[in-house]
Amino acid sequence: MCVVKTTVGLRIDVDTMRGTRLGVPALLHLLDQHQLKATFFFSVGPDNMGRHLWRLMRPAFLFKMLRSNAVSLYGWDVLLRGTMWPGSLIGKHCDDIIQEAMSCGHEIGLHAWDHHRWQTKVASMSVQHIILPELQKAKDMLEEITDKPVTSSAAPGWRCTDTALLEKEKLNFSYNSDCRGHSIFYPMVAGVQLSQPQIPVTLPTYDEVIGSNGINNSNYNDFLLSQIKNNQLNVLAIHAEAEGICCIDLFKDFLTKARSRAIHFTPLKKLLSDDDAHQPASMVSENIEGREGWVSRQKNLYEQKDEQ
């Protein structure tokens, strides 16, 4: 009997110092055991993630923190970093771990300079605030650490604006993964098709679904596996702070179950092909279930026409 292999692009976001120091080495070991390669998107600037605590005043964010048991999920050191003093530079203190990920054969991409600043401020950032402080500086540091060109990026929190897309065009990325969606596409800005394709995340993340609609740790993996289809683009985003630390056993079980179902994981760059004719689409800001605030979502041209 011929077994149909299903491909899933595996993206690992590394947002914090804790995720880099503890989560990445654990994930490298686990992926090596399963002989898998992934794309690691690293944040390299100050770890100011604790400043998200101010968002607890927003009911939706507070509910998410309670639903996902954020203290257990991320740890107090993450939740308090950068609240009383500027956070330490992740790339400066964890360069050896980033180098190890590269030496293990994984794709290394840019996530952020200051993850918190991008996620909370990108909508109001001017060109001057985006290109040099948030993109170029981070790309330069990551290339200094790896001694190789950085050719991909992923916006923190799936938050990206047209201004940010235009600035990324100047940095010679082969692709970006800045949004949620369903197919690889070329983004449109002001009626112009950009040259860097987007590889959107298509599958839900752990913190978006856990604790909702009857989903808990005992059935989460089965739910996630049910979302993976052979006839669609499958891109999964996990976090070093979650699946690499407190959810590592859950992720081990997921990989074992995925193997039994002939699911193959690959770095995002392997999803691109010179022969593919990717369609253009715009990126819009929308709310999605399980996340507080907006994210960027792929919106195909036929969707726009239907609304006119």
# chains A, B, ... in the order shown; residues from 1 in each chain; ligands from 1
>>> select_by_dssp(residues="segment 57-232 of chain A", states="helix (DSSP H, G or I)", output="tab-separated table (two decimals) with N, CA and C atoms, in the first residue's frame")
chain	number	residue	atom	x	y	z
A	57	MET	N	-4.58	44.84	31.87
A	57	MET	CA	-5.75	45.70	32.07
A	57	MET	C	-6.78	45.50	30.96
A	59	PRO	N	-9.30	43.11	29.19
A	59	PRO	CA	-9.96	41.85	29.56
A	59	PRO	C	-9.59	40.68	28.66
A	60	ALA	N	-9.47	40.90	27.35
A	60	ALA	CA	-9.18	39.80	26.43
A	60	ALA	C	-7.80	39.22	26.69
A	61	PHE	N	-6.83	40.09	26.98
A	61	PHE	CA	-5.47	39.61	27.25
A	61	PHE	C	-5.42	38.89	28.59
A	62	LEU	N	-6.10	39.43	29.60
A	62	LEU	CA	-6.14	38.79	30.91
A	62	LEU	C	-6.76	37.40	30.80
A	63	PHE	N	-7.85	37.28	30.04
A	63	PHE	CA	-8.50	35.98	29.87
A	63	PHE	C	-7.56	34.99	29.20
A	64	LYS	N	-6.82	35.45	28.19
A	64	LYS	CA	-5.88	34.56	27.52
A	64	LYS	C	-4.79	34.09	28.48
A	65	MET	N	-4.28	35.00	29.31
A	65	MET	CA	-3.23	34.64	30.26
A	65	MET	C	-3.73	33.60	31.25
A	66	LEU	N	-4.96	33.76	31.70
A	66	LEU	CA	-5.53	32.81	32.65
A	66	LEU	C	-5.84	31.48	31.97
A	67	ARG	N	-6.40	31.54	30.76
A	67	ARG	CA	-6.78	30.32	30.04
A	67	ARG	C	-5.57	29.45	29.74
A	70	ALA	N	-0.37	31.22	31.87
A	70	ALA	CA	0.85	31.82	31.34
A	70	ALA	C	2.03	31.74	32.29
A	71	VAL	N	1.80	31.82	33.60
A	71	VAL	CA	2.92	31.74	34.54
A	71	VAL	C	3.61	30.40	34.41
A	72	SER	N	2.82	29.32	34.34
A	72	SER	CA	3.39	27.99	34.17
A	72	SER	C	4.00	27.82	32.79
A	73	LEU	N	3.36	28.43	31.79
A	73	LEU	CA	3.80	28.26	30.41
A	73	LEU	C	5.11	28.97	30.13
A	74	TYR	N	5.25	30.21	30.60
A	74	TYR	CA	6.42	31.02	30.26
A	74	TYR	C	7.40	31.22	31.41
A	76	TRP	N	8.05	33.09	35.49
A	76	TRP	CA	8.06	34.47	35.99
A	76	TRP	C	9.21	35.28	35.41
A	77	ASP	N	10.35	34.63	35.10
A	77	ASP	CA	11.48	35.39	34.57
A	77	ASP	C	11.16	36.01	33.22
A	78	VAL	N	10.32	35.34	32.42
A	78	VAL	CA	9.88	35.92	31.14
A	78	VAL	C	8.85	37.02	31.40
A	79	LEU	N	7.89	36.72	32.27
A	79	LEU	CA	6.78	37.65	32.49
A	79	LEU	C	7.21	38.94	33.17
A	80	LEU	N	8.39	38.96	33.78
A	80	LEU	CA	8.84	40.18	34.46
A	80	LEU	C	10.01	40.86	33.77
A	90	ILE	N	19.67	39.56	23.95
A	90	ILE	CA	19.64	38.10	23.80
A	90	ILE	C	20.81	37.62	22.93
A	91	GLY	N	21.03	38.28	21.80
A	91	GLY	CA	22.09	37.85	20.90
A	91	GLY	C	23.47	37.92	21.51
A	92	LYS	N	23.69	38.87	22.38
A	92	LYS	CA	24.99	39.03	23.03
A	92	LYS	C	25.27	37.90	24.00
A	93	HIS	N	24.24	37.48	24.73
A	93	HIS	CA	24.42	36.48	25.78
A	93	HIS	C	24.16	35.05	25.31
A	95	ASP	N	24.73	33.91	21.89
A	95	ASP	CA	25.24	33.71	20.53
A	95	ASP	C	25.68	32.28	20.28
A	96	ASP	N	26.18	31.60	21.32
A	96	ASP	CA	26.63	30.21	21.15
A	96	ASP	C	25.46	29.28	20.84
A	97	ILE	N	24.31	29.56	21.41
A	97	ILE	CA	23.14	28.71	21.17
A	97	ILE	C	22.61	28.92	19.75
A	98	ILE	N	22.61	30.16	19.29
A	98	ILE	CA	22.20	30.44	17.91
A	98	ILE	C	23.15	29.76	16.93
A	99	GLN	N	24.45	29.82	17.23
A	99	GLN	CA	25.44	29.16	16.38
A	99	GLN	C	25.23	27.65	16.37
A	100	GLU	N	24.85	27.09	17.52
A	100	GLU	CA	24.61	25.65	17.59
A	100	GLU	C	23.42	25.26	16.71
A	101	ALA	N	22.37	26.07	16.73
A	101	ALA	CA	21.21	25.77	15.89
A	101	ALA	C	21.61	25.76	14.42
A	102	MET	N	22.45	26.71	14.04
A	102	MET	CA	22.90	26.76	12.66
A	102	MET	C	23.78	25.55	12.32
A	103	SER	N	24.70	25.19	13.23
A	103	SER	CA	25.61	24.07	12.97
A	103	SER	C	24.87	22.74	12.90
A	115	HIS	N	11.24	42.28	20.51
A	115	HIS	CA	9.98	41.60	20.22
A	115	HIS	C	8.79	42.36	20.78
A	116	HIS	N	8.90	42.82	22.01
A	116	HIS	CA	7.80	43.54	22.66
A	116	HIS	C	7.51	44.84	21.92
A	117	ARG	N	8.54	45.59	21.58
A	117	ARG	CA	8.33	46.88	20.92
A	117	ARG	C	7.64	46.68	19.57
A	118	TRP	N	8.10	45.71	18.78
A	118	TRP	CA	7.48	45.47	17.49
A	118	TRP	C	6.02	45.08	17.65
A	119	GLN	N	5.75	44.14	18.53
A	119	GLN	CA	4.40	43.62	18.67
A	119	GLN	C	3.41	44.69	19.14
A	120	THR	N	3.88	45.62	19.95
A	120	THR	CA	2.97	46.62	20.50
A	120	THR	C	2.99	47.95	19.76
A	121	LYS	N	4.04	48.23	18.98
A	121	LYS	CA	4.19	49.55	18.38
A	121	LYS	C	4.24	49.58	16.86
A	122	VAL	N	4.31	48.42	16.20
A	122	VAL	CA	4.56	48.43	14.76
A	122	VAL	C	3.49	49.20	13.99
A	123	ALA	N	2.27	49.18	14.46
A	123	ALA	CA	1.20	49.86	13.72
A	123	ALA	C	1.42	51.36	13.62
A	124	SER	N	2.16	51.93	14.55
A	124	SER	CA	2.41	53.37	14.54
A	124	SER	C	3.85	53.73	14.20
A	127	VAL	N	8.88	54.88	8.99
A	127	VAL	CA	9.98	54.23	8.28
A	127	VAL	C	11.26	54.33	9.09
A	128	GLN	N	11.53	55.48	9.68
A	128	GLN	CA	12.75	55.69	10.43
A	128	GLN	C	12.83	54.77	11.65
A	129	HIS	N	11.70	54.41	12.21
A	129	HIS	CA	11.69	53.56	13.39
A	129	HIS	C	11.75	52.07	13.03
A	130	ILE	N	11.41	51.72	11.80
A	130	ILE	CA	11.35	50.32	11.42
A	130	ILE	C	12.68	49.83	10.85
A	131	ILE	N	13.19	50.50	9.84
A	131	ILE	CA	14.28	49.94	9.07
A	131	ILE	C	15.58	49.84	9.86
A	132	LEU	N	16.00	50.91	10.53
A	132	LEU	CA	17.29	50.86	11.22
A	132	LEU	C	17.18	50.23	12.61
A	133	PRO	N	16.31	50.73	13.50
A	133	PRO	CA	16.29	50.17	14.85
A	133	PRO	C	15.76	48.74	14.93
A	134	GLU	N	14.79	48.38	14.11
A	134	GLU	CA	14.11	47.11	14.31
A	134	GLU	C	14.47	46.01	13.30
A	135	LEU	N	14.91	46.35	12.13
A	135	LEU	CA	15.22	45.34	11.12
A	135	LEU	C	16.71	45.25	10.81
A	136	GLN	N	17.28	46.34	10.38
A	136	GLN	CA	18.68	46.31	9.97
A	136	GLN	C	19.60	45.94	11.14
A	137	LYS	N	19.35	46.52	12.30
A	137	LYS	CA	20.21	46.25	13.46
A	137	LYS	C	20.13	44.77	13.85
A	138	ALA	N	18.92	44.22	13.84
A	138	ALA	CA	18.75	42.81	14.19
A	138	ALA	C	19.38	41.90	13.15
A	139	LYS	N	19.19	42.23	11.88
A	139	LYS	CA	19.78	41.43	10.81
A	139	LYS	C	21.30	41.44	10.88
A	140	ASP	N	21.86	42.61	11.15
A	140	ASP	CA	23.33	42.73	11.26
A	140	ASP	C	23.86	41.87	12.39
A	141	MET	N	23.19	41.91	13.55
A	141	MET	CA	23.67	41.12	14.69
A	141	MET	C	23.56	39.64	14.41
A	142	LEU	N	22.44	39.21	13.82
A	142	LEU	CA	22.25	37.79	13.54
A	142	LEU	C	23.26	37.30	12.51
A	143	GLU	N	23.58	38.12	11.53
A	143	GLU	CA	24.58	37.73	10.53
A	143	GLU	C	25.98	37.72	11.12
A	144	GLU	N	26.24	38.58	12.08
A	144	GLU	CA	27.52	38.56	12.77
A	144	GLU	C	27.68	37.28	13.60
A	145	ILE	N	26.59	36.85	14.22
A	145	ILE	CA	26.61	35.64	15.03
A	145	ILE	C	26.80	34.40	14.16
A	146	THR	N	26.06	34.32	13.06
A	146	THR	CA	26.08	33.11	12.22
A	146	THR	C	27.15	33.15	11.14
A	156	PRO	N	6.98	39.50	14.69
A	156	PRO	CA	6.45	39.08	16.00
A	156	PRO	C	4.94	39.22	16.08
A	157	GLY	N	4.30	38.22	16.64
A	157	GLY	CA	2.85	38.28	16.83
A	157	GLY	C	2.05	38.33	15.56
A	158	TRP	N	2.68	37.99	14.42
A	158	TRP	CA	2.01	38.07	13.11
A	158	TRP	C	1.44	39.47	12.90
A	162	ASP	N	1.99	47.61	5.88
A	162	ASP	CA	2.49	47.87	4.53
A	162	ASP	C	3.84	48.58	4.59
A	163	THR	N	4.01	49.48	5.54
A	163	THR	CA	5.29	50.18	5.69
A	163	THR	C	6.41	49.19	5.99
A	164	ALA	N	6.14	48.26	6.89
A	164	ALA	CA	7.15	47.26	7.23
A	164	ALA	C	7.46	46.36	6.03
A	165	LEU	N	6.45	45.99	5.27
A	165	LEU	CA	6.67	45.16	4.08
A	165	LEU	C	7.58	45.86	3.08
A	166	LEU	N	7.34	47.14	2.88
A	166	LEU	CA	8.16	47.90	1.93
A	166	LEU	C	9.61	48.01	2.41
A	167	GLU	N	9.80	48.13	3.72
A	167	GLU	CA	11.16	48.20	4.25
A	167	GLU	C	11.86	46.86	4.15
A	168	LYS	N	11.13	45.79	4.33
A	168	LYS	CA	11.74	44.46	4.19
A	168	LYS	C	12.22	44.21	2.77
A	169	GLU	N	11.56	44.83	1.81
A	169	GLU	CA	11.98	44.68	0.41
A	169	GLU	C	13.42	45.15	0.19
A	170	LYS	N	13.89	46.04	1.06
A	170	LYS	CA	15.25	46.59	0.92
A	170	LYS	C	16.32	45.68	1.50
A	171	LEU	N	15.92	44.61	2.18
A	171	LEU	CA	16.87	43.80	2.94
A	171	LEU	C	17.17	42.44	2.33
A	206	TYR	N	-0.46	26.67	20.24
A	206	TYR	CA	-0.87	26.10	21.53
A	206	TYR	C	-1.64	27.10	22.37
A	207	ASP	N	-1.10	28.31	22.53
A	207	ASP	CA	-1.73	29.29	23.42
A	207	ASP	C	-3.05	29.81	22.89
A	208	GLU	N	-3.31	29.62	21.59
A	208	GLU	CA	-4.57	30.09	21.01
A	208	GLU	C	-5.74	29.17	21.32
A	209	VAL	N	-5.46	27.88	21.47
A	209	VAL	CA	-6.57	26.94	21.58
A	209	VAL	C	-6.66	26.24	22.94
A	220	TYR	N	-4.95	17.86	22.96
A	220	TYR	CA	-4.44	18.91	22.09
A	220	TYR	C	-3.74	18.35	20.85
A	221	ASN	N	-2.88	17.36	21.03
A	221	ASN	CA	-2.14	16.82	19.89
A	221	ASN	C	-3.06	16.21	18.85
A	222	ASP	N	-4.07	15.49	19.31
A	222	ASP	CA	-5.03	14.91	18.35
A	222	ASP	C	-5.78	16.00	17.60
A	223	PHE	N	-6.13	17.07	18.32
A	223	PHE	CA	-6.80	18.19	17.65
A	223	PHE	C	-5.88	18.81	16.59
A	224	LEU	N	-4.63	19.07	16.97
A	224	LEU	CA	-3.71	19.71	16.03
A	224	LEU	C	-3.46	18.82	14.81
A	225	LEU	N	-3.29	17.53	15.03
A	225	LEU	CA	-3.07	16.61	13.92
A	225	LEU	C	-4.27	16.58	12.99
A	226	SER	N	-5.46	16.76	13.53
A	226	SER	CA	-6.67	16.75	12.70
A	226	SER	C	-6.74	17.96	11.78
>>> residues_around(residues="Val14 of chain A", least_positions_apart="5", cutoff="8 Å", atoms="only C-alpha atoms", output="JSON, numbers by chain")
{"A": [19, 20, 24, 40, 41, 42, 43, 111, 239, 240, 241]}
>>> write_last_selection(atoms="N, CA and C atoms", output="tab-separated table (two decimals), in the first residue's frame")
chain	number	residue	atom	x	y	z
A	19	GLY	N	13.68	31.40	26.48
A	19	GLY	CA	13.43	30.50	25.38
A	19	GLY	C	14.70	30.12	24.65
A	20	THR	N	15.61	31.07	24.51
A	20	THR	CA	16.87	30.80	23.82
A	20	THR	C	17.76	29.89	24.66
A	24	VAL	N	15.65	26.33	23.22
A	24	VAL	CA	16.31	25.98	21.97
A	24	VAL	C	17.18	24.73	22.11
A	40	PHE	N	14.31	28.28	12.64
A	40	PHE	CA	14.32	29.00	13.90
A	40	PHE	C	14.35	30.50	13.60
A	41	PHE	N	13.35	31.22	14.10
A	41	PHE	CA	13.34	32.67	13.99
A	41	PHE	C	13.73	33.26	15.35
A	42	PHE	N	14.89	33.92	15.38
A	42	PHE	CA	15.46	34.40	16.64
A	42	PHE	C	15.21	35.89	16.86
A	43	SER	N	14.86	36.23	18.10
A	43	SER	CA	14.91	37.61	18.57
A	43	SER	C	16.30	37.81	19.18
A	111	HIS	N	13.59	37.13	13.71
A	111	HIS	CA	12.28	37.36	14.31
A	111	HIS	C	12.14	38.83	14.70
A	239	HIS	N	6.71	27.61	19.89
A	239	HIS	CA	7.54	28.59	20.59
A	239	HIS	C	8.55	27.89	21.49
A	240	ALA	N	9.78	28.36	21.46
A	240	ALA	CA	10.81	27.78	22.32
A	240	ALA	C	10.43	27.90	23.79
A	241	GLU	N	9.68	28.94	24.13
A	241	GLU	CA	9.27	29.16	25.51
A	241	GLU	C	8.19	28.18	25.97
>>> atom_distance(atom1="atom CA of Ser218 of chain A", atom2="atom CA of Asp253 of chain A")
10.6 Å
>>> select_by_dssp(residues="segment 84-298 of chain A", states="strand (DSSP E or B)", output="ChimeraX atom specification")
/A:89,107-112,152-153,175-176,180,185-189,192-193,198,201,235-239,263-266,279-287,294-298
>>> write_last_selection(atoms="N, CA and C atoms", output="short mmCIF file (atom, residue, chain, number, x, y, z; two decimals), in the first residue's frame")
data_model
loop_
_atom_site.label_atom_id
_atom_site.label_comp_id
_atom_site.auth_asym_id
_atom_site.auth_seq_id
_atom_site.Cartn_x
_atom_site.Cartn_y
_atom_site.Cartn_z
N LEU A 89 20.51 41.99 26.17
CA LEU A 89 20.54 41.66 24.74
C LEU A 89 20.67 40.15 24.57
N GLU A 107 17.52 26.08 9.49
CA GLU A 107 17.45 27.40 8.88
C GLU A 107 17.34 28.45 9.98
N ILE A 108 18.12 29.53 9.86
CA ILE A 108 18.12 30.61 10.85
C ILE A 108 17.52 31.86 10.22
N GLY A 109 16.45 32.37 10.81
CA GLY A 109 15.80 33.57 10.30
C GLY A 109 15.67 34.62 11.39
N LEU A 110 15.29 35.82 10.98
CA LEU A 110 15.15 36.95 11.89
C LEU A 110 13.72 37.06 12.40
N HIS A 111 13.59 37.13 13.71
CA HIS A 111 12.28 37.36 14.31
C HIS A 111 12.14 38.83 14.70
N ALA A 112 13.07 39.32 15.52
CA ALA A 112 12.92 40.71 15.98
C ALA A 112 14.22 41.21 16.61
N SER A 152 15.56 35.31 5.65
CA SER A 152 14.13 35.20 5.94
C SER A 152 13.81 35.93 7.24
N SER A 153 12.55 36.31 7.39
CA SER A 153 12.12 36.99 8.61
C SER A 153 10.68 36.63 8.92
N TYR A 175 12.21 35.26 1.54
CA TYR A 175 10.79 35.19 1.86
C TYR A 175 10.59 35.73 3.27
N ASN A 176 9.32 35.98 3.60
CA ASN A 176 8.94 36.37 4.96
C ASN A 176 7.77 35.50 5.40
N ARG A 180 -0.95 35.16 9.02
CA ARG A 180 -1.71 33.92 9.00
C ARG A 180 -2.38 33.83 7.63
N PHE A 185 2.07 33.35 -1.08
CA PHE A 185 1.61 34.42 -1.97
C PHE A 185 2.60 35.57 -1.97
N TYR A 186 2.44 36.43 -2.98
CA TYR A 186 3.20 37.68 -3.05
C TYR A 186 2.32 38.81 -2.53
N PRO A 187 2.78 39.55 -1.53
CA PRO A 187 1.93 40.61 -0.96
C PRO A 187 1.78 41.79 -1.91
N MET A 188 0.62 42.40 -1.87
CA MET A 188 0.32 43.60 -2.64
C MET A 188 0.27 44.80 -1.71
N VAL A 189 0.95 45.87 -2.09
CA VAL A 189 0.91 47.12 -1.33
C VAL A 189 0.58 48.25 -2.30
N VAL A 192 0.70 47.37 -5.91
CA VAL A 192 1.97 46.90 -6.46
C VAL A 192 2.34 45.57 -5.82
N GLN A 193 2.71 44.59 -6.64
CA GLN A 193 3.11 43.29 -6.14
C GLN A 193 4.57 43.33 -5.71
N GLN A 198 5.38 35.55 0.83
CA GLN A 198 4.99 35.29 2.20
C GLN A 198 4.65 33.80 2.35
N VAL A 201 1.59 31.24 8.39
CA VAL A 201 1.27 30.15 9.31
C VAL A 201 -0.20 29.78 9.10
N VAL A 235 1.62 24.92 7.74
CA VAL A 235 2.74 25.57 8.41
C VAL A 235 2.41 25.69 9.89
N LEU A 236 3.26 25.10 10.72
CA LEU A 236 3.06 25.10 12.17
C LEU A 236 4.09 26.00 12.84
N ALA A 237 3.64 26.87 13.72
CA ALA A 237 4.53 27.69 14.53
C ALA A 237 4.48 27.21 15.97
N ILE A 238 5.64 26.87 16.51
CA ILE A 238 5.75 26.56 17.93
C ILE A 238 6.68 27.58 18.57
N HIS A 239 6.71 27.61 19.89
CA HIS A 239 7.54 28.59 20.59
C HIS A 239 8.55 27.89 21.49
N ILE A 263 3.56 12.09 8.50
CA ILE A 263 3.70 13.55 8.40
C ILE A 263 5.18 13.90 8.47
N HIS A 264 5.63 14.65 7.49
CA HIS A 264 7.04 15.02 7.37
C HIS A 264 7.19 16.51 7.64
N PHE A 265 8.18 16.87 8.45
CA PHE A 265 8.42 18.28 8.78
C PHE A 265 9.64 18.81 8.03
N THR A 266 9.56 20.08 7.66
CA THR A 266 10.62 20.67 6.85
C THR A 266 10.80 22.14 7.19
N GLN A 279 0.07 33.25 -6.25
CA GLN A 279 -0.86 34.33 -6.55
C GLN A 279 -0.61 35.52 -5.62
N PRO A 280 -0.92 36.72 -6.09
CA PRO A 280 -0.80 37.90 -5.22
C PRO A 280 -1.97 37.98 -4.25
N ALA A 281 -1.73 38.63 -3.12
CA ALA A 281 -2.79 38.85 -2.12
C ALA A 281 -2.37 40.02 -1.25
N SER A 282 -3.34 40.67 -0.67
CA SER A 282 -3.04 41.74 0.28
C SER A 282 -2.96 41.15 1.68
N MET A 283 -2.45 41.93 2.60
CA MET A 283 -2.41 41.54 4.00
C MET A 283 -3.24 42.54 4.80
N VAL A 284 -4.21 42.04 5.55
CA VAL A 284 -5.12 42.90 6.29
C VAL A 284 -5.00 42.61 7.78
N SER A 285 -5.39 43.59 8.58
CA SER A 285 -5.36 43.43 10.04
C SER A 285 -6.71 42.94 10.52
N GLU A 286 -6.70 41.81 11.21
CA GLU A 286 -7.95 41.23 11.70
C GLU A 286 -7.72 40.57 13.05
N ASN A 287 -8.77 40.40 13.81
CA ASN A 287 -8.73 39.62 15.03
C ASN A 287 -9.02 38.16 14.70
N TRP A 294 -4.98 42.44 17.09
CA TRP A 294 -5.00 42.12 15.67
C TRP A 294 -3.79 41.30 15.24
N VAL A 295 -3.96 40.60 14.14
CA VAL A 295 -2.86 39.96 13.43
C VAL A 295 -3.01 40.28 11.95
N SER A 296 -1.95 40.09 11.21
CA SER A 296 -2.01 40.23 9.75
C SER A 296 -2.49 38.92 9.15
N ARG A 297 -3.45 39.04 8.23
CA ARG A 297 -4.01 37.86 7.58
C ARG A 297 -4.00 38.03 6.07
N GLN A 298 -3.68 36.95 5.38
CA GLN A 298 -3.74 36.91 3.94
C GLN A 298 -5.17 37.12 3.46
#
>>> residues_around(residues="Gly244 of chain A", least_positions_apart="4", cutoff="6 Å", atoms="only C-alpha atoms", output="VMD selection string")
chain A and resid 23 26 to 27 240 248
>>> write_last_selection(atoms="N, CA and C atoms", output="compact mmCIF listing (two decimals), in the first residue's frame")
# COMPACT_ATOMS: atom_id res chain seq x y z
N GLY A 23 14.90 26.60 25.98
CA GLY A 23 14.04 25.96 25.00
C GLY A 23 14.76 25.49 23.75
N ALA A 26 16.88 22.23 24.13
CA ALA A 26 16.00 21.06 24.28
C ALA A 26 15.37 20.68 22.94
N LEU A 27 14.97 21.67 22.17
CA LEU A 27 14.37 21.40 20.87
C LEU A 27 15.40 20.86 19.88
N ALA A 240 9.78 28.36 21.46
CA ALA A 240 10.81 27.78 22.32
C ALA A 240 10.43 27.90 23.79
N ILE A 248 7.47 20.37 26.50
CA ILE A 248 8.38 19.55 25.71
C ILE A 248 7.88 18.11 25.59
>>> closest_residue(among="A:Thr202, A:Thr151, A:Ser126, A:Ser212", to="Gly9 of chain A", atoms="only C-alpha atoms")
A:Thr202
>>> closest_residue(among="A:Arg18, A:Lys257, A:Lys269, A:His34", to="Ser177 of chain A", atoms="only C-alpha atoms")
A:Lys269
>>> decode(residues="segment 239-257 of chain A", atoms="N, CA and C atoms", output="PDB file, in the first residue's frame")
ATOM      1  N   HIS A 239       6.713  27.610  19.888  1.00  0.00           N
ATOM      2  CA  HIS A 239       7.538  28.593  20.594  1.00  0.00           C
ATOM      3  C   HIS A 239       8.548  27.889  21.489  1.00  0.00           C
ATOM      4  N   ALA A 240       9.784  28.356  21.464  1.00  0.00           N
ATOM      5  CA  ALA A 240      10.813  27.778  22.324  1.00  0.00           C
ATOM      6  C   ALA A 240      10.432  27.895  23.786  1.00  0.00           C
ATOM      7  N   GLU A 241       9.678  28.941  24.125  1.00  0.00           N
ATOM      8  CA  GLU A 241       9.270  29.159  25.510  1.00  0.00           C
ATOM      9  C   GLU A 241       8.192  28.177  25.968  1.00  0.00           C
ATOM     10  N   ALA A 242       7.468  27.593  25.040  1.00  0.00           N
ATOM     11  CA  ALA A 242       6.386  26.661  25.384  1.00  0.00           C
ATOM     12  C   ALA A 242       6.804  25.234  25.052  1.00  0.00           C
ATOM     13  N   GLU A 243       6.777  24.883  23.758  1.00  0.00           N
ATOM     14  CA  GLU A 243       7.101  23.512  23.349  1.00  0.00           C
ATOM     15  C   GLU A 243       8.540  23.116  23.666  1.00  0.00           C
ATOM     16  N   GLY A 244       9.411  24.102  23.889  1.00  0.00           N
ATOM     17  CA  GLY A 244      10.796  23.781  24.215  1.00  0.00           C
ATOM     18  C   GLY A 244      11.058  23.615  25.695  1.00  0.00           C
ATOM     19  N   ILE A 245      10.089  23.994  26.554  1.00  0.00           N
ATOM     20  CA  ILE A 245      10.327  23.917  28.006  1.00  0.00           C
ATOM     21  C   ILE A 245       9.179  23.151  28.669  1.00  0.00           C
ATOM     22  N   CYS A 246       8.138  23.857  29.094  1.00  0.00           N
ATOM     23  CA  CYS A 246       7.101  23.188  29.895  1.00  0.00           C
ATOM     24  C   CYS A 246       6.243  22.241  29.059  1.00  0.00           C
ATOM     25  N   CYS A 247       6.186  22.437  27.747  1.00  0.00           N
ATOM     26  CA  CYS A 247       5.375  21.565  26.886  1.00  0.00           C
ATOM     27  C   CYS A 247       6.239  20.609  26.066  1.00  0.00           C
ATOM     28  N   ILE A 248       7.474  20.368  26.504  1.00  0.00           N
ATOM     29  CA  ILE A 248       8.383  19.548  25.710  1.00  0.00           C
ATOM     30  C   ILE A 248       7.876  18.114  25.586  1.00  0.00           C
ATOM     31  N   ASP A 249       7.309  17.556  26.656  1.00  0.00           N
ATOM     32  CA  ASP A 249       6.787  16.188  26.574  1.00  0.00           C
ATOM     33  C   ASP A 249       5.585  16.109  25.642  1.00  0.00           C
ATOM     34  N   LEU A 250       4.774  17.153  25.663  1.00  0.00           N
ATOM     35  CA  LEU A 250       3.629  17.218  24.760  1.00  0.00           C
ATOM     36  C   LEU A 250       4.097  17.249  23.311  1.00  0.00           C
ATOM     37  N   PHE A 251       5.153  18.002  23.043  1.00  0.00           N
ATOM     38  CA  PHE A 251       5.669  18.107  21.685  1.00  0.00           C
ATOM     39  C   PHE A 251       6.340  16.799  21.253  1.00  0.00           C
ATOM     40  N   LYS A 252       7.003  16.124  22.185  1.00  0.00           N
ATOM     41  CA  LYS A 252       7.570  14.803  21.874  1.00  0.00           C
ATOM     42  C   LYS A 252       6.478  13.855  21.403  1.00  0.00           C
ATOM     43  N   ASP A 253       5.384  13.832  22.128  1.00  0.00           N
ATOM     44  CA  ASP A 253       4.261  12.973  21.772  1.00  0.00           C
ATOM     45  C   ASP A 253       3.685  13.358  20.412  1.00  0.00           C
ATOM     46  N   PHE A 254       3.634  14.661  20.153  1.00  0.00           N
ATOM     47  CA  PHE A 254       3.122  15.140  18.868  1.00  0.00           C
ATOM     48  C   PHE A 254       3.976  14.630  17.717  1.00  0.00           C
ATOM     49  N   LEU A 255       5.292  14.723  17.857  1.00  0.00           N
ATOM     50  CA  LEU A 255       6.184  14.277  16.785  1.00  0.00           C
ATOM     51  C   LEU A 255       6.065  12.769  16.562  1.00  0.00           C
ATOM     52  N   THR A 256       5.909  12.021  17.645  1.00  0.00           N
ATOM     53  CA  THR A 256       5.766  10.570  17.517  1.00  0.00           C
ATOM     54  C   THR A 256       4.470  10.218  16.796  1.00  0.00           C
ATOM     55  N   LYS A 257       3.385  10.866  17.169  1.00  0.00           N
ATOM     56  CA  LYS A 257       2.098  10.621  16.516  1.00  0.00           C
ATOM     57  C   LYS A 257       2.135  11.070  15.056  1.00  0.00           C
TER      58      LYS A 257
END
